[in-house]
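structure-v5.pdb (PDB, C-alpha atoms)
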ATOM      1  CA  MET E   1     -23.332  -8.342   6.089
ATOM      2  CA  ARG E   2     -21.366  -9.685   9.020
ATOM      3  CA  LYS E   3     -18.471  -7.516  10.109
ATOM      4  CA  ILE E   4     -15.340  -9.336   9.023
ATOM      5  CA  SER E   5     -12.099  -7.837   7.707
ATOM      6  CA  LEU E   6      -9.551 -10.132   6.103
ATOM      7  CA  HIS E   7      -7.062  -7.416   5.209
ATOM      8  CA  GLY E   8      -6.482  -5.325   8.279
ATOM      9  CA  GLY E   9      -4.365  -4.565  11.259
ATOM     10  CA  HIS E  10      -1.217  -2.802  10.029
ATOM     11  CA  SER E  11       0.164  -1.046  13.100
ATOM     12  CA  GLY E  12       2.805   1.541  13.857
ATOM     13  CA  GLN E  13       4.616  -1.050  15.937
ATOM     14  CA  TYR E  14       5.246  -3.370  13.034
ATOM     15  CA  CYS E  15       4.848  -1.209   9.909
ATOM     16  CA  ASP E  16       6.801   2.002   9.417
ATOM     17  CA  HIS E  17       4.079   3.750   7.411
ATOM     18  CA  ALA E  18       1.283   2.886   9.871
ATOM     19  CA  ARG E  19       0.154   4.335  13.212
ATOM     20  CA  ASP E  20      -0.906   3.210  16.703
ATOM     21  CA  THR E  21      -0.273  -0.042  18.535
ATOM     22  CA  LEU E  22      -1.530  -3.415  17.410
ATOM     23  CA  ALA E  23      -3.439  -3.822  20.678
ATOM     24  CA  ASP E  24      -5.238  -0.491  20.192
ATOM     25  CA  ILE E  25      -6.168  -1.391  16.626
ATOM     26  CA  VAL E  26      -7.532  -4.781  17.690
ATOM     27  CA  GLU E  27      -9.548  -3.115  20.440
ATOM     28  CA  ALA E  28     -10.976  -0.726  17.834
ATOM     29  CA  TYR E  29     -12.158  -3.692  15.762
ATOM     30  CA  HIS E  30     -13.843  -5.181  18.805
ATOM     31  CA  LEU E  31     -15.545  -1.908  19.750
ATOM     32  CA  ALA E  32     -16.727  -1.521  16.134
ATOM     33  CA  GLY E  33     -18.522  -4.862  16.336
ATOM     34  CA  PHE E  34     -16.280  -7.002  14.143
ATOM     35  CA  GLU E  35     -16.773 -10.751  14.525
ATOM     36  CA  CYS E  36     -13.449 -11.606  12.933
ATOM     37  CA  VAL E  37     -10.355  -9.711  11.887
ATOM     38  CA  GLY E  38      -7.441 -11.027   9.919
ATOM     39  CA  LEU E  39      -4.240  -9.286  10.957
ATOM     40  CA  SER E  40      -1.954  -8.959   7.953
ATOM     41  CA  GLU E  41       1.228  -7.073   8.684
ATOM     42  CA  HIS E  42       3.592  -6.828   5.729
ATOM     43  CA  MET E  43       6.061  -9.642   5.361
ATOM     44  CA  PRO E  44       9.692  -8.796   6.131
ATOM     45  CA  PRO E  45      11.719  -8.275   2.937
ATOM     46  CA  PHE E  46      13.705 -10.947   1.209
ATOM     47  CA  GLY E  47      17.084  -9.286   1.637
ATOM     48  CA  ASP E  48      17.883  -5.600   1.895
ATOM     49  CA  ALA E  49      17.055  -5.082  -1.796
ATOM     50  CA  GLY E  50      13.399  -5.580  -0.845
ATOM     51  CA  LEU E  51      13.332  -2.638   1.571
ATOM     52  CA  TYR E  52      10.973   0.249   0.817
ATOM     53  CA  PRO E  53      12.486   3.761   0.532
ATOM     54  CA  ASP E  54      11.115   4.856   3.929
ATOM     55  CA  GLU E  55      12.613   1.755   5.549
ATOM     56  CA  VAL E  56      15.988   2.520   4.004
ATOM     57  CA  GLU E  57      15.802   6.084   5.341
ATOM     58  CA  LEU E  58      15.068   4.729   8.815
ATOM     59  CA  GLY E  59      18.126   2.477   8.648
ATOM     60  CA  ARG E  60      16.177  -0.778   8.661
ATOM     61  CA  SER E  61      17.723  -4.051   7.548
ATOM     62  CA  ALA E  62      16.074  -7.249   6.386
ATOM     63  CA  GLY E  63      17.319  -9.063   9.488
ATOM     64  CA  TRP E  64      15.938  -6.396  11.819
ATOM     65  CA  MET E  65      12.565  -6.529  10.073
ATOM     66  CA  GLU E  66      12.448 -10.311  10.237
ATOM     67  CA  ALA E  67      12.922 -10.118  14.007
ATOM     68  CA  ARG E  68      10.204  -7.461  14.237
ATOM     69  CA  PHE E  69       7.846  -9.687  12.239
ATOM     70  CA  ALA E  70       8.404 -12.511  14.723
ATOM     71  CA  ARG E  71       7.410 -10.134  17.534
ATOM     72  CA  TYR E  72       4.265  -9.243  15.596
ATOM     73  CA  VAL E  73       3.268 -12.902  15.260
ATOM     74  CA  ALA E  74       3.832 -13.484  18.970
ATOM     75  CA  GLU E  75       1.763 -10.458  20.003
ATOM     76  CA  ALA E  76      -0.985 -11.244  17.498
ATOM     77  CA  ARG E  77      -1.317 -14.750  18.900
ATOM     78  CA  GLU E  78      -1.492 -13.359  22.435
ATOM     79  CA  LEU E  79      -4.247 -10.964  21.335
ATOM     80  CA  ALA E  80      -6.105 -13.869  19.722
ATOM     81  CA  ARG E  81      -6.076 -15.653  23.082
ATOM     82  CA  LYS E  82      -7.163 -12.506  24.910
ATOM     83  CA  TYR E  83     -10.179 -11.946  22.649
ATOM     84  CA  SER E  84     -11.138 -15.628  22.367
ATOM     85  CA  GLY E  85     -14.914 -15.987  22.701
ATOM     86  CA  ARG E  86     -15.488 -12.318  21.861
ATOM     87  CA  MET E  87     -13.860 -11.845  18.462
ATOM     88  CA  ARG E  88     -11.919 -14.219  16.258
ATOM     89  CA  ILE E  89      -8.421 -13.035  15.341
ATOM     90  CA  MET E  90      -6.539 -14.685  12.513
ATOM     91  CA  VAL E  91      -2.783 -14.211  12.274
ATOM     92  CA  GLY E  92      -1.589 -13.693   8.732
ATOM     93  CA  MET E  93       0.635 -11.541   6.592
ATOM     94  CA  GLU E  94       0.487  -9.493   3.439
ATOM     95  CA  SER E  95       3.022 -10.779   0.951
ATOM     96  CA  GLU E  96       5.033  -9.057  -1.757
ATOM     97  CA  TRP E  97       6.076 -10.198  -5.209
ATOM     98  CA  TYR E  98       9.490  -9.450  -6.627
ATOM     99  CA  PRO E  99      12.353 -11.642  -7.861
ATOM    100  CA  GLY E 100      13.497 -14.236  -5.378
ATOM    101  CA  CYS E 101      10.713 -13.958  -2.812
ATOM    102  CA  ALA E 102       8.477 -16.950  -3.685
ATOM    103  CA  GLN E 103      10.302 -19.412  -1.448
ATOM    104  CA  TRP E 104      10.629 -16.733   1.231
ATOM    105  CA  VAL E 105       6.849 -16.363   1.389
ATOM    106  CA  ALA E 106       6.496 -20.144   1.758
ATOM    107  CA  ASP E 107       9.206 -20.240   4.443
ATOM    108  CA  LEU E 108       7.577 -17.455   6.467
ATOM    109  CA  ARG E 109       4.170 -19.107   6.221
ATOM    110  CA  ARG E 110       5.534 -22.446   7.398
ATOM    111  CA  TYR E 111       7.945 -21.203  10.074
ATOM    112  CA  HIS E 112       5.384 -18.962  11.761
ATOM    113  CA  GLY E 113       2.433 -21.288  11.172
ATOM    114  CA  LEU E 114       0.378 -18.439   9.707
ATOM    115  CA  ASP E 115      -3.375 -18.821   9.375
ATOM    116  CA  TYR E 116      -3.448 -17.317   5.899
ATOM    117  CA  VAL E 117      -1.713 -15.011   3.423
ATOM    118  CA  VAL E 118      -2.977 -11.924   1.614
ATOM    119  CA  GLY E 119      -1.251 -12.091  -1.755
ATOM    120  CA  SER E 120      -0.511  -8.561  -2.937
ATOM    121  CA  ILE E 121       1.488  -6.931  -5.701
ATOM    122  CA  HIS E 122       3.335  -3.665  -5.016
ATOM    123  CA  HIS E 123       6.093  -4.185  -7.597
ATOM    124  CA  VAL E 124       6.197  -4.503 -11.363
ATOM    125  CA  ARG E 125       9.265  -6.216 -12.795
ATOM    126  CA  GLY E 126      10.923  -5.857  -9.417
ATOM    127  CA  VAL E 127      10.267  -2.100  -9.123
ATOM    128  CA  CYS E 128       7.897  -0.682  -6.491
ATOM    129  CA  PHE E 129       5.204   1.378  -8.226
ATOM    130  CA  ASP E 130       2.926   2.475  -5.375
ATOM    131  CA  PHE E 131       5.299   4.303  -3.040
ATOM    132  CA  SER E 132       4.651   7.639  -4.773
ATOM    133  CA  ARG E 133       3.288   9.186  -7.949
ATOM    134  CA  ASP E 134       6.857   9.576  -9.204
ATOM    135  CA  ALA E 135       7.503   5.875  -8.629
ATOM    136  CA  TYR E 136       4.321   5.048 -10.547
ATOM    137  CA  ASP E 137       5.313   7.234 -13.487
ATOM    138  CA  ARG E 138       8.848   5.820 -13.547
ATOM    139  CA  THR E 139       7.471   2.278 -13.591
ATOM    140  CA  SER E 140       5.126   3.164 -16.435
ATOM    141  CA  ALA E 141       8.002   4.625 -18.448
ATOM    142  CA  MET E 142      10.146   1.553 -17.743
ATOM    143  CA  CYS E 143       7.378  -0.676 -19.112
ATOM    144  CA  GLY E 144       6.796   1.466 -22.191
ATOM    145  CA  GLY E 145       3.499   3.038 -21.187
ATOM    146  CA  THR E 146       0.521   2.624 -18.899
ATOM    147  CA  SER E 147      -1.173  -0.260 -20.698
ATOM    148  CA  ARG E 148       2.060  -2.232 -20.794
ATOM    149  CA  MET E 149       2.548  -1.567 -17.084
ATOM    150  CA  TYR E 150      -0.930  -2.979 -16.419
ATOM    151  CA  ALA E 151      -0.111  -6.031 -18.534
ATOM    152  CA  ALA E 152       3.152  -6.592 -16.646
ATOM    153  CA  TYR E 153       1.324  -6.146 -13.333
ATOM    154  CA  PHE E 154      -1.296  -8.774 -14.131
ATOM    155  CA  ASP E 155       1.366 -11.137 -15.492
ATOM    156  CA  GLY E 156       3.279 -10.746 -12.226
ATOM    157  CA  GLN E 157       0.077 -11.257 -10.288
ATOM    158  CA  LEU E 158      -0.541 -14.584 -12.012
ATOM    159  CA  GLU E 159       3.000 -15.688 -11.150
ATOM    160  CA  MET E 160       2.374 -14.685  -7.526
ATOM    161  CA  LEU E 161      -0.918 -16.594  -7.429
ATOM    162  CA  ARG E 162       0.623 -19.745  -8.850
ATOM    163  CA  GLU E 163       3.760 -19.652  -6.699
ATOM    164  CA  THR E 164       2.363 -18.553  -3.313
ATOM    165  CA  ARG E 165      -1.305 -19.616  -3.542
ATOM    166  CA  PRO E 166      -2.679 -16.969  -1.172
ATOM    167  CA  GLU E 167      -6.070 -17.476   0.430
ATOM    168  CA  VAL E 168      -6.952 -13.798  -0.100
ATOM    169  CA  VAL E 169      -5.932 -11.783  -3.178
ATOM    170  CA  GLY E 170      -5.074  -8.288  -1.987
ATOM    171  CA  HIS E 171      -6.370  -5.175  -3.813
ATOM    172  CA  PHE E 172      -6.518  -6.962  -7.169
ATOM    173  CA  ASP E 173      -6.398  -3.784  -9.290
ATOM    174  CA  LEU E 174      -3.996  -1.641  -7.252
ATOM    175  CA  ILE E 175      -2.195  -0.843 -10.497
ATOM    176  CA  ARG E 176      -4.877   1.767 -11.261
ATOM    177  CA  LEU E 177      -3.699   3.844  -8.291
ATOM    178  CA  HIS E 178      -2.550   6.906 -10.267
ATOM    179  CA  ASP E 179      -4.413   6.353 -13.516
ATOM    180  CA  PRO E 180      -7.468   8.655 -13.834
ATOM    181  CA  ASP E 181      -8.450   6.774 -17.015
ATOM    182  CA  TYR E 182      -8.264   3.330 -15.439
ATOM    183  CA  LEU E 183     -11.629   2.175 -16.794
ATOM    184  CA  GLN E 184     -10.448   2.775 -20.335
ATOM    185  CA  THR E 185      -7.080   1.172 -19.642
ATOM    186  CA  LEU E 186      -8.657  -1.922 -18.117
ATOM    187  CA  ALA E 187     -10.945  -2.266 -21.141
ATOM    188  CA  LEU E 188      -8.026  -2.575 -23.558
ATOM    189  CA  PRO E 189      -8.001  -6.151 -24.912
ATOM    190  CA  GLU E 190      -4.398  -6.836 -23.889
ATOM    191  CA  VAL E 191      -5.250  -5.803 -20.325
ATOM    192  CA  TRP E 192      -8.783  -7.215 -19.970
ATOM    193  CA  GLU E 193      -7.722 -10.638 -21.250
ATOM    194  CA  ARG E 194      -5.193 -10.788 -18.412
ATOM    195  CA  VAL E 195      -7.772  -9.640 -15.860
ATOM    196  CA  MET E 196     -10.125 -12.460 -16.889
ATOM    197  CA  ARG E 197      -7.299 -15.011 -16.942
ATOM    198  CA  ASN E 198      -6.362 -14.128 -13.373
ATOM    199  CA  LEU E 199      -9.973 -14.108 -12.173
ATOM    200  CA  GLU E 200     -10.470 -17.569 -13.618
ATOM    201  CA  TRP E 201      -7.389 -18.780 -11.740
ATOM    202  CA  ILE E 202      -8.774 -17.286  -8.517
ATOM    203  CA  ARG E 203     -12.103 -19.022  -9.084
ATOM    204  CA  ASP E 204     -10.492 -22.382  -9.774
ATOM    205  CA  ALA E 205      -8.238 -22.077  -6.713
ATOM    206  CA  GLY E 206     -11.107 -21.105  -4.397
ATOM    207  CA  ALA E 207      -9.320 -17.927  -3.326
ATOM    208  CA  ILE E 208     -11.095 -14.782  -2.120
ATOM    209  CA  LEU E 209     -10.980 -11.271  -3.544
ATOM    210  CA  ASP E 210     -10.098  -8.548  -1.059
ATOM    211  CA  ILE E 211     -12.551  -5.666  -1.583
ATOM    212  CA  ASN E 212     -10.228  -3.046  -0.257
ATOM    213  CA  ALA E 213     -11.738   0.144   1.124
ATOM    214  CA  ARG E 214      -8.409   1.893   1.668
ATOM    215  CA  ALA E 215      -8.761   3.116  -1.912
ATOM    216  CA  LEU E 216     -11.501   5.453  -0.661
ATOM    217  CA  LEU E 217      -9.133   7.016   1.884
ATOM    218  CA  LYS E 218      -6.655   7.641  -0.958
ATOM    219  CA  GLY E 219      -9.209   9.564  -2.999
ATOM    220  CA  GLN E 220     -10.298   6.782  -5.335
ATOM    221  CA  PRO E 221     -13.951   6.870  -6.464
ATOM    222  CA  GLU E 222     -14.486   3.182  -5.657
ATOM    223  CA  PRO E 223     -12.766   0.432  -3.705
ATOM    224  CA  TYR E 224     -10.219  -1.949  -5.102
ATOM    225  CA  VAL E 225     -11.806  -3.962  -6.883
ATOM    226  CA  CYS E 226     -13.516  -1.617  -9.388
ATOM    227  CA  ALA E 227     -17.005  -2.174 -10.814
ATOM    228  CA  PRO E 228     -16.242  -3.907 -14.141
ATOM    229  CA  ILE E 229     -13.886  -6.399 -12.496
ATOM    230  CA  LEU E 230     -16.377  -6.985  -9.696
ATOM    231  CA  ASP E 231     -19.081  -7.669 -12.283
ATOM    232  CA  ALA E 232     -16.852 -10.242 -13.971
ATOM    233  CA  ALA E 233     -15.898 -11.823 -10.626
ATOM    234  CA  ALA E 234     -19.553 -12.071  -9.605
ATOM    235  CA  LYS E 235     -20.423 -13.888 -12.841
ATOM    236  CA  LEU E 236     -17.590 -16.335 -12.166
ATOM    237  CA  GLY E 237     -18.905 -17.002  -8.642
ATOM    238  CA  ILE E 238     -15.772 -15.716  -6.924
ATOM    239  CA  GLY E 239     -16.075 -14.966  -3.226
ATOM    240  CA  ALA E 240     -15.241 -11.565  -1.755
ATOM    241  CA  ALA E 241     -14.281 -10.205   1.627
ATOM    242  CA  TYR E 242     -14.192  -6.675   2.992
ATOM    243  CA  GLY E 243     -10.773  -5.309   3.873
ATOM    244  CA  ASP E 244     -10.195  -1.935   5.484
ATOM    245  CA  ASP E 245      -6.415  -2.317   5.122
ATOM    246  CA  ALA E 246      -6.292  -0.312   8.337
ATOM    247  CA  HIS E 247      -3.034   1.510   9.061
ATOM    248  CA  GLY E 248      -4.241   2.912  12.384
ATOM    249  CA  VAL E 249      -7.215   3.075  14.719
ATOM    250  CA  ALA E 250      -8.913   5.790  12.644
ATOM    251  CA  ASP E 251      -8.992   3.494   9.589
ATOM    252  CA  VAL E 252     -10.794   0.589  11.255
ATOM    253  CA  GLY E 253     -14.060  -0.126   9.479
ATOM    254  CA  CYS E 254     -13.543   2.582   6.847
ATOM    255  CA  GLY E 255     -15.861   2.278   3.867
ATOM    256  CA  PHE E 256     -17.626  -0.818   5.188
ATOM    257  CA  GLU E 257     -21.064   0.386   4.130
ATOM    258  CA  GLN E 258     -19.882   1.240   0.611
ATOM    259  CA  VAL E 259     -18.295  -2.180   0.169
ATOM    260  CA  GLU E 260     -21.450  -3.814   1.505
ATOM    261  CA  GLU E 261     -23.483  -1.857  -1.028
ATOM    262  CA  VAL E 262     -21.398  -2.810  -4.074
ATOM    263  CA  LEU E 263     -21.392  -6.489  -3.121
ATOM    264  CA  THR E 264     -25.098  -6.597  -2.342
ATOM    265  CA  ALA E 265     -25.919  -4.919  -5.656
ATOM    266  CA  ARG E 266     -24.210  -7.810  -7.450
ATOM    267  CA  ASN E 267     -25.526 -10.590  -5.233
ATOM    268  CA  MET E 268     -21.863 -11.346  -4.710
ATOM    269  CA  LYS E 269     -20.947 -14.101  -2.328
ATOM    270  CA  TRP E 270     -19.640 -12.710   0.959
ATOM    271  CA  SER E 271     -16.987 -15.240   1.892
ATOM    272  CA  GLU E 272     -16.755 -16.608   5.385
ATOM    273  CA  THR E 273     -14.715 -19.663   4.475
ATOM    274  CA  PHE E 274     -11.510 -20.454   2.680
ATOM    275  CA  GLY E 275     -11.062 -23.602   0.677
ATOM    276  CA  ASP E 276      -9.802 -25.412   3.786
ATOM    277  CA  GLY E 277     -12.567 -24.094   6.022
ATOM    278  CA  VAL E 278     -10.324 -21.930   8.175
ATOM    279  CA  LEU E 279     -13.089 -19.365   8.720
ATOM    280  CA  THR E 280     -15.838 -21.875   9.467
ATOM    281  CA  GLY E 281     -17.626 -21.677  12.794
ATOM    282  CA  PHE E 282     -18.035 -18.020  13.723
TER     283      PHE E 282
END
This structure in structure tokens:
Amino acid sequence: MRKISLHGGHSGQYCDHARDTLADIVEAYHLAGFECVGLSEHMPPFGDAGLYPDEVELGRSAGWMEARFARYVAEARELARKYSGRMRIMVGMESEWYPGCAQWVADLRRYHGLDYVVGSIHHVRGVCFDFSRDAYDRTSAMCGGTSRMYAAYFDGQLEMLRETRPEVVGHFDLIRLHDPDYLQTLALPEVWERVMRNLEWIRDAGAILDINARALLKGQPEPYVCAPILDAAAKLGIGAAYGDDAHGVADVGCGFEQVEEVLTARNMKWSETFGDGVLTGF
């Protein structure tokens, strides 16, 4: 499997819960033998209501973070020029999904001329669920239980897919983050029907599943996406791409061999192209 990461490159310069400089992280990809890396810093929030708790504590504002994002794009493009001929660097972003942000994602994509978007869900019904275990439990209670939270997550994911049309779908089943019984929860008809509905949309749109190895660093037994969803995606002919979701130099390339193994076992297509061919020609 060729060394490509399409969900990587969060840095301490441009993400408050990451470490190290963007240049050092890019160098780590190059030294690790990656042919291509997609840098995907988080999008700036749509208004101060979209700030994460740690960003609020640091006194960030939406305007300040928008300016920081512009600096990220500029540096990422400079790094792409620097490494031209040695490693391909794509300049993208990881999106969010909460009320009001659909047009904001489109505006950021267009204004900055981004190569691609990783479409991710960190909120359910406008509430962030993955900041902490307490946040997860509060979101579950708000939804009326774990299975209903899953259902709301996958409903929100479909809205995100339709409205923002990301090239890469980030950590498809992140909602299982703090659920030790996630295999049983996913198998519930009201949840599994939504999983299959969303996978079929991804197939029809020609989008790519991010097989996200950061789950392994967080103590999960398998990457996002988990085995039963991967099996279903493979049968649908959906393409996949490794993502280390690196938040520092030490994370670069994490779990690559394990992701390679689960994809190879399923004969799953390792994507090197998007629908518009943006990855063609390595």
Hey, could you make a per-residue contact list for stretch 20-82 of chain E against stretch 223-241 of chain E with 12 Å as the cut-off, showing the nearest pair of atoms and its distance in Å to one decimal, counting all atoms listed in the file, sorted by chain and number, as a tab-separated table?
residue	atom	partner	partner_atom	distance
E:Cys36	CA	E:Ala241	CA	11.4
E:Val37	CA	E:Ala241	CA	11.0
E:Gly38	CA	E:Ala241	CA	10.8
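Neighbouring residues of E:Ser140 at 10 Å or closer, counting only C-alpha atoms and skipping chain neighbours under 6 positions away, are Val124, Phe129, Asp134, Thr146, Ser147, Arg148, Met149, Tyr150 and Ala152 of chain E.
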Practice task
Name the closest residue to E:Ala76 among the candidates E:Leu58, E:Cys143, E:Ala49, E:Ile25; distances are taken between atoms, counting only C-alpha atoms.
Solution key: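 Checking each of E:Leu58, E:Cys143, E:Ala49, E:Ile25 against E:Ala76, counting only C-alpha atoms, the winner is E:Ile25.
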Exercise for the section: Find the residues near stretch 155-158 of chain E: any atom within 12 Å, counting only C-alpha atoms, skip ones fewer than 4 places away on the same chain, and give them as a VMD selection string. Expected result: chain E and resid 95 to 99 102 119 to 127 148 to 151 162 to 166 169 to 175 190 to 202 205
Exercise for the section: Have a look at E:His7, E:Arg68, E:Arg2, E:Arg133 and name the one nearest to E:Asp244; count only C-alpha atoms. Expected result: E:His7
Exercise for the section: Might you pull out every residue within 8 Å of E:Val259, with all atoms listed in the file counted and same-chain residues fewer than 6 positions away left off, and present them as number ranges by chain? Expected result: E: 211, 213, 223, 242
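Interatomic distance, atom CA of E:Cys254 against atom CA of E:Tyr14: 20.7 Å.
The spacing separating atom CA of E:Asp54 from atom CA of E:Met93 amounts to 19.6 Å.
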Practice task
Between atom CA of E:Ala32 and atom CA of E:Ala215, measure the distance and give it in Å to one decimal.
Solution key: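 For atom CA of E:Ala32 relative to atom CA of E:Ala215, the distance reads 20.3 Å.
You can rank E:Arg138, E:Asp204, E:Ile89, E:Asp130 by their closest distance to E:Tyr116 using all atoms listed in the file, and at the top of that list sits E:Ile89.
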Taking the file above as input, evaluate the PyMOL selection byres ((chain E and resi 178) around 9) and report the hits as a PDB file with C-alpha atoms, in the frame of the given file.
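The file below, expr-v7.pdb, is the result:
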ATOM      1  CA  ASP E 130       2.926   2.475  -5.375  1.00  0.00           C
ATOM      2  CA  ARG E 133       3.288   9.186  -7.949  1.00  0.00           C
ATOM      3  CA  TYR E 136       4.321   5.048 -10.547  1.00  0.00           C
ATOM      4  CA  ASP E 137       5.313   7.234 -13.487  1.00  0.00           C
ATOM      5  CA  ILE E 175      -2.195  -0.843 -10.497  1.00  0.00           C
ATOM      6  CA  ARG E 176      -4.877   1.767 -11.261  1.00  0.00           C
ATOM      7  CA  LEU E 177      -3.699   3.844  -8.291  1.00  0.00           C
ATOM      8  CA  ASP E 179      -4.413   6.353 -13.516  1.00  0.00           C
ATOM      9  CA  PRO E 180      -7.468   8.655 -13.834  1.00  0.00           C
ATOM     10  CA  ASP E 181      -8.450   6.774 -17.015  1.00  0.00           C
ATOM     11  CA  TYR E 182      -8.264   3.330 -15.439  1.00  0.00           C
TER      12      TYR E 182
END
Would you fill the gaps in stretch 11-28 of chain E so it has N, CA, C and O atoms, then print it as a short mmCIF file (atom, residue, chain, number, x, y, z; two decimals), in the coordinates of the input?
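The file below, result18.cif, is the result:
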data_model
loop_
_atom_site.label_atom_id
_atom_site.label_comp_id
_atom_site.auth_asym_id
_atom_site.auth_seq_id
_atom_site.Cartn_x
_atom_site.Cartn_y
_atom_site.Cartn_z
N SER E 11 -0.02 -1.91 11.93
CA SER E 11 0.16 -1.05 13.10
C SER E 11 1.50 -0.33 13.05
O SER E 11 2.44 -0.77 12.39
N GLY E 12 1.57 0.78 13.77
CA GLY E 12 2.80 1.54 13.86
C GLY E 12 3.93 0.79 14.53
O GLY E 12 5.11 1.12 14.34
N GLN E 13 3.58 -0.23 15.32
CA GLN E 13 4.62 -1.05 15.94
C GLN E 13 5.38 -1.89 14.93
O GLN E 13 6.59 -2.10 15.07
N TYR E 14 4.67 -2.37 13.93
CA TYR E 14 5.25 -3.37 13.03
C TYR E 14 5.23 -2.96 11.56
O TYR E 14 5.57 -3.77 10.70
N CYS E 15 4.86 -1.72 11.27
CA CYS E 15 4.85 -1.21 9.91
C CYS E 15 5.22 0.26 9.97
O CYS E 15 4.55 1.05 10.66
N ASP E 16 6.27 0.66 9.27
CA ASP E 16 6.80 2.00 9.42
C ASP E 16 5.93 3.09 8.80
O ASP E 16 6.14 4.27 9.09
N HIS E 17 4.97 2.73 7.96
CA HIS E 17 4.08 3.75 7.41
C HIS E 17 2.67 3.66 8.01
O HIS E 17 1.72 4.20 7.47
N ALA E 18 2.57 2.99 9.17
CA ALA E 18 1.28 2.89 9.87
C ALA E 18 1.36 3.64 11.19
O ALA E 18 2.37 4.27 11.52
N ARG E 19 0.25 3.59 11.96
CA ARG E 19 0.15 4.34 13.21
C ARG E 19 -0.44 3.43 14.30
O ARG E 19 -1.06 2.42 14.01
N ASP E 20 -0.24 3.83 15.55
CA ASP E 20 -0.91 3.21 16.70
C ASP E 20 -0.38 1.80 16.98
O ASP E 20 0.33 1.20 16.17
N THR E 21 -0.74 1.29 18.15
CA THR E 21 -0.27 -0.04 18.54
C THR E 21 -1.22 -1.11 17.99
O THR E 21 -2.40 -0.86 17.73
N LEU E 22 -0.70 -2.31 17.88
CA LEU E 22 -1.53 -3.42 17.41
C LEU E 22 -2.67 -3.67 18.39
O LEU E 22 -3.82 -3.91 17.96
N ALA E 23 -2.39 -3.59 19.68
CA ALA E 23 -3.44 -3.82 20.68
C ALA E 23 -4.56 -2.79 20.56
O ALA E 23 -5.74 -3.13 20.67
N ASP E 24 -4.21 -1.53 20.33
CA ASP E 24 -5.24 -0.49 20.19
C ASP E 24 -6.07 -0.70 18.93
O ASP E 24 -7.28 -0.46 18.92
N ILE E 25 -5.43 -1.14 17.87
CA ILE E 25 -6.17 -1.39 16.63
C ILE E 25 -7.12 -2.57 16.80
O ILE E 25 -8.29 -2.52 16.38
N VAL E 26 -6.67 -3.63 17.44
CA VAL E 26 -7.53 -4.78 17.69
C VAL E 26 -8.71 -4.38 18.57
O VAL E 26 -9.86 -4.78 18.33
N GLU E 27 -8.45 -3.59 19.58
CA GLU E 27 -9.55 -3.12 20.44
C GLU E 27 -10.56 -2.31 19.63
O GLU E 27 -11.78 -2.43 19.83
N ALA E 28 -10.08 -1.51 18.67
CA ALA E 28 -10.98 -0.73 17.83
C ALA E 28 -11.87 -1.64 17.00
O ALA E 28 -13.06 -1.35 16.81
#
